[in-house]
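For reference, entry_8.txt (compact mmCIF, C-alpha atoms):
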# COMPACT_ATOMS: atom_id res chain seq x y z
CA MET A 34 127.70 137.97 66.95
CA THR A 35 131.50 137.92 66.69
CA GLU A 36 132.83 136.18 63.62
CA LYS A 37 135.23 133.38 64.47
CA PRO A 38 138.55 133.28 62.61
CA ASN A 39 139.34 130.53 60.12
CA PRO A 40 141.49 128.14 62.21
CA VAL A 41 143.61 127.12 59.21
CA LEU A 42 144.76 130.73 58.91
CA LEU A 43 145.74 131.07 62.57
CA ASP A 44 149.45 131.65 63.06
CA MET A 45 150.91 129.05 65.38
CA PRO A 46 154.25 129.36 67.17
CA ALA A 47 156.97 127.01 65.95
CA GLU A 48 157.60 126.04 69.57
CA LEU A 49 156.62 126.87 73.14
CA VAL A 50 159.58 127.39 75.45
CA GLY A 51 159.34 126.86 79.18
CA GLU A 52 161.96 126.92 81.92
CA ARG A 53 163.01 123.30 81.36
CA ILE A 54 161.09 122.06 78.32
CA VAL A 55 160.30 122.91 74.74
CA LEU A 56 157.00 121.89 73.15
CA ARG A 57 156.91 121.62 69.37
CA PRO A 58 155.12 119.68 66.62
CA PHE A 59 156.69 116.42 65.55
CA ARG A 60 158.96 116.43 62.49
CA ASP A 61 159.81 113.52 60.22
CA ASP A 62 163.18 112.93 61.87
CA ASP A 63 161.50 112.67 65.31
CA ALA A 64 159.97 109.26 64.53
CA PRO A 65 162.85 107.19 66.02
CA ALA A 66 162.80 109.22 69.25
CA LEU A 67 159.02 108.86 69.44
CA TRP A 68 159.21 105.11 68.89
CA GLU A 69 161.89 104.74 71.57
CA ALA A 70 159.89 106.82 74.07
CA VAL A 71 156.68 104.87 73.48
CA GLU A 72 158.45 101.50 73.52
CA SER A 73 160.23 102.26 76.81
CA SER A 74 156.99 103.55 78.34
CA ARG A 75 154.56 100.92 77.07
CA PRO A 76 153.97 99.02 80.36
CA GLN A 77 153.00 102.25 82.13
CA LEU A 78 151.16 103.85 79.20
CA LYS A 79 148.88 100.98 78.32
CA ALA A 80 147.24 101.08 81.75
CA TRP A 81 145.77 104.51 80.89
CA MET A 82 146.11 104.95 77.14
CA PRO A 83 144.91 102.10 74.93
CA TRP A 84 146.61 103.63 71.87
CA ALA A 85 149.96 102.49 73.32
CA ILE A 86 149.13 98.90 72.35
CA ASP A 87 148.66 99.80 68.68
CA HIS A 88 151.77 102.02 68.52
CA ASN A 89 153.94 98.96 67.92
CA SER A 90 156.70 99.79 65.42
CA LEU A 91 158.98 102.50 64.08
CA GLU A 92 156.87 102.43 60.91
CA PHE A 93 153.82 103.24 63.02
CA SER A 94 155.70 106.20 64.54
CA ARG A 95 156.61 107.49 61.07
CA ASP A 96 153.00 107.17 59.93
CA TYR A 97 151.77 108.85 63.13
CA VAL A 98 154.13 111.81 62.69
CA ARG A 99 152.94 112.40 59.11
CA ARG A 100 149.27 112.14 60.06
CA MET A 101 149.75 114.56 62.96
CA GLN A 102 151.57 117.02 60.67
CA ALA A 103 148.52 117.04 58.41
CA LYS A 104 146.13 117.54 61.35
CA TRP A 105 148.37 120.35 62.64
CA ILE A 106 148.22 122.19 59.31
CA LEU A 107 144.43 121.87 59.23
CA ARG A 108 144.24 122.83 62.94
CA GLU A 109 142.19 119.69 63.62
CA ASP A 110 144.58 118.47 66.31
CA LEU A 111 147.69 120.14 67.74
CA PRO A 112 149.99 117.38 69.05
CA MET A 113 153.49 118.23 70.29
CA GLY A 114 156.51 116.49 71.69
CA ILE A 115 157.77 117.43 75.14
CA TRP A 116 161.52 117.93 74.71
CA ARG A 117 163.92 118.55 77.59
CA ALA A 118 165.61 121.87 76.86
CA ALA A 119 168.97 120.83 78.33
CA ASP A 120 169.62 117.93 75.94
CA SER A 121 166.67 117.73 73.48
CA ARG A 122 165.57 114.35 74.87
CA LEU A 123 161.97 113.44 74.09
CA LEU A 124 160.22 113.11 77.45
CA GLY A 125 156.70 112.43 76.17
CA ALA A 126 153.92 114.13 74.26
CA THR A 127 151.13 116.59 74.80
CA GLY A 128 148.84 118.77 72.73
CA LEU A 129 145.49 120.39 72.23
CA HIS A 130 142.93 117.80 71.13
CA ARG A 131 139.18 117.46 70.49
CA ILE A 132 139.14 121.04 69.27
CA ASP A 133 135.77 122.71 68.73
CA TRP A 134 136.56 125.97 66.95
CA SER A 135 132.91 127.10 67.14
CA ILE A 136 133.36 127.83 70.87
CA PRO A 137 136.53 127.60 70.85
CA ALA A 138 137.12 124.74 73.29
CA MET A 139 139.87 122.15 73.44
CA GLU A 140 141.29 119.37 75.59
CA ILE A 141 144.87 119.05 76.82
CA GLY A 142 146.34 115.57 76.84
CA TYR A 143 149.78 114.49 78.06
CA TRP A 144 152.00 111.54 78.83
CA LEU A 145 155.58 111.20 80.05
CA ARG A 146 158.11 108.41 79.93
CA PRO A 147 158.49 106.76 83.37
CA ASP A 148 161.78 108.42 84.33
CA ALA A 149 160.25 111.87 83.68
CA VAL A 150 157.13 111.32 85.84
CA GLY A 151 156.98 113.24 89.10
CA THR A 152 159.41 115.95 87.96
CA GLY A 153 156.93 118.74 87.18
CA TYR A 154 157.35 118.44 83.41
CA ALA A 155 153.64 117.70 82.86
CA THR A 156 152.65 120.72 84.94
CA GLU A 157 155.03 122.92 82.94
CA ALA A 158 153.68 121.56 79.63
CA VAL A 159 150.04 122.10 80.66
CA THR A 160 150.85 125.65 81.79
CA LEU A 161 152.38 126.45 78.38
CA LEU A 162 149.44 124.95 76.49
CA THR A 163 146.85 126.68 78.68
CA ARG A 164 148.48 130.04 77.92
CA LEU A 165 148.55 129.23 74.20
CA ALA A 166 144.88 128.23 74.24
CA PHE A 167 143.60 131.32 76.03
CA ASP A 168 146.06 133.97 74.83
CA SER A 169 146.64 133.00 71.20
CA LEU A 170 143.76 130.72 70.20
CA GLN A 171 141.04 132.65 72.05
CA ALA A 172 139.76 129.54 73.81
CA GLU A 173 136.71 129.93 76.02
CA ARG A 174 137.19 126.50 77.62
CA VAL A 175 140.13 124.14 78.18
CA GLU A 176 139.54 120.62 79.52
CA ILE A 177 141.68 117.84 80.93
CA ARG A 178 140.21 114.35 81.22
CA CYS A 179 141.80 111.33 82.86
CA ASP A 180 141.01 107.97 84.35
CA ALA A 181 139.80 108.38 87.93
CA LEU A 182 142.46 105.92 89.10
CA ASN A 183 145.30 107.86 87.45
CA LEU A 184 146.16 109.94 90.50
CA ARG A 185 149.34 111.47 89.06
CA SER A 186 147.53 112.68 85.97
CA ALA A 187 144.66 114.12 88.01
CA ALA A 188 147.12 115.99 90.24
CA VAL A 189 148.21 118.22 87.33
CA PRO A 190 144.90 120.04 86.70
CA ARG A 191 144.23 120.24 90.43
CA ARG A 192 147.64 121.86 90.96
CA LEU A 193 146.92 124.42 88.24
CA GLY A 194 143.48 125.43 89.50
CA PHE A 195 141.33 123.59 86.97
CA VAL A 196 137.80 122.99 88.29
CA HIS A 197 136.75 119.36 88.80
CA GLU A 198 133.43 119.51 86.97
CA ALA A 199 132.43 115.87 86.73
CA THR A 200 133.16 112.25 87.37
CA MET A 201 131.74 110.35 84.43
CA ARG A 202 130.92 106.90 85.75
CA CYS A 203 131.60 103.84 83.57
CA ALA A 204 132.77 106.15 80.77
CA ARG A 205 135.65 104.09 79.40
CA ARG A 206 137.06 100.61 79.16
CA ASN A 207 140.65 99.91 80.10
CA VAL A 208 143.03 97.51 78.36
CA ASN A 209 141.50 94.64 80.36
CA ASN A 210 138.05 95.63 79.07
CA GLU A 211 136.99 96.72 82.57
CA LEU A 212 134.78 99.76 82.99
CA GLY A 213 136.31 102.82 84.62
CA ASP A 214 135.36 106.34 85.58
CA THR A 215 136.68 109.50 83.89
CA LEU A 216 137.42 112.76 85.69
CA VAL A 217 136.70 116.02 83.85
CA PHE A 218 138.57 119.19 84.82
CA ALA A 219 138.17 122.55 83.08
CA LEU A 220 139.19 126.16 83.03
CA THR A 221 137.16 128.82 81.28
CA ARG A 222 138.11 132.31 80.18
CA ALA A 223 135.91 133.62 83.02
CA ASP A 224 137.91 131.55 85.54
CA GLY A 225 141.10 133.23 84.36
CA ALA A 226 139.57 136.69 84.58
CA SER A 227 138.32 136.07 88.12
CA ARG A 228 141.73 134.78 89.24
CA GLN A 229 143.46 137.90 87.83
CA ALA A 230 140.97 140.15 89.63

As a first step, turn the structure in this file into structure tokens.
Amino acid sequence: MTEKPNPVLLDMPAELVGERIVLRPFRDDDAPALWEAVESSRPQLKAWMPWAIDHNSLEFSRDYVRRMQAKWILREDLPMGIWRAADSRLLGATGLHRIDWSIPAMEIGYWLRPDAVGTGYATEAVTLLTRLAFDSLQAERVEIRCDALNLRSAAVPRRLGFVHEATMRCARRNVNNELGDTLVFALTRADGASRQA
């Protein structure tokens, strides 16, 4: 049996650079940009992400950034901002979440401010994170989950060749307390090997 590395000792890149975006962990001085991005996106975000209701002040953003820095160091959660390379504007956030280092398996999450939706930024971010997961973190499985009604979000894993493995019926409640279905997409290391062959 292969011994798994200690995740805390894994070297992580300071940033992931794509053609148009840079992904990097949040720093203390990012809190105002995060607050502004969430505040300007709240009407759209809260339909799919209940956390947007609770993220209700600059103080909350500061607290969030510090908590995520701690989780990053411990490799419990790897959240990152999506920054536009041309002008360093915060477009949204992404990251590797629900990490199970015993496999390793992880889930990619993402959101974009409304004026960045439909531009390919989410696809670029997911591509960068998928490479990080498989190439650097030795992931065996990478998942993306989204509300079945969130067609834009579901288009990203489909575009990138993730396999639609399940529709989990009545798996979540939305902000109106209504039950909704969740789509589960995944790529495994074997999927990548078969695509390269």

Inset, instruction - Could you tell me which of A:Asp61, A:Gly125, A:Ala172, A:Trp144 comes closest to Gln102 of chain A if we count only C-alpha atoms? - result: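 Looking only at the distances to Gln102 of chain A, the closest residue turns out to be A:Asp61.
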
Inset, instruction - Can you work out which one of A:Ile177, A:Leu182, A:Ala47, A:Arg75 has the shortest atom-to-atom distance to Gly114 of chain A, counting all atoms listed in the file? - result: A:Ala47

Legend entry - Residue neighbourhood Met45 of chain A, 12 Å, only C-alpha atoms, exclusion window fewer than 4 positions, as a list in words: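 That gives Pro40, Val41, Leu49, Arg57, Pro58, Trp105, Ile106, Leu107, Arg108, Leu111, Leu162, Leu165, Ala166, Asp168, Ser169 and Leu170 of chain A.
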
Legend entry - Two-atom distance - atom CA of Ile136 of chain A, atom CA of Arg174 of chain A (Å):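 Value for the atom CA of Ile136 of chain A-atom CA of Arg174 of chain A distance: 7.9 Å.
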
Inset, instruction - Fewer than 2 positions away in the same chain doesn't count, so skip those; otherwise give me all residues within 8 Å of Ala181 of chain A, counting only C-alpha atoms, as a ChimeraX atom specification. - result: /A:179,183-184,187,200,213-216

Legend entry - Close residues, Trp84 of chain A itself excluded, 12 Å, all atoms listed in the file, min 2 positions apart in chain, as a list in words: Val71, Arg75, Leu78, Lys79, Ala80, Trp81, Met82, Ile86, Asp87, His88, Asn89, Phe93, Ser94, Tyr97, Trp144, Asn207 and Val208 of chain A

Legend entry - Atom pair atom CA of Gly153 of chain A / atom CA of Glu48 of chain A: separation (Å):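 These atoms are spaced 19.1 Å apart.
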
Legend entry - Among the residues A:Val159, A:Ile115, A:Leu42, A:Val175, the one that comes closest to Ile132 of chain A [using all atoms listed in the file]: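 Of A:Val159, A:Ile115, A:Leu42, A:Val175, the one nearest Ile132 of chain A is A:Val175, counting all atoms listed in the file.
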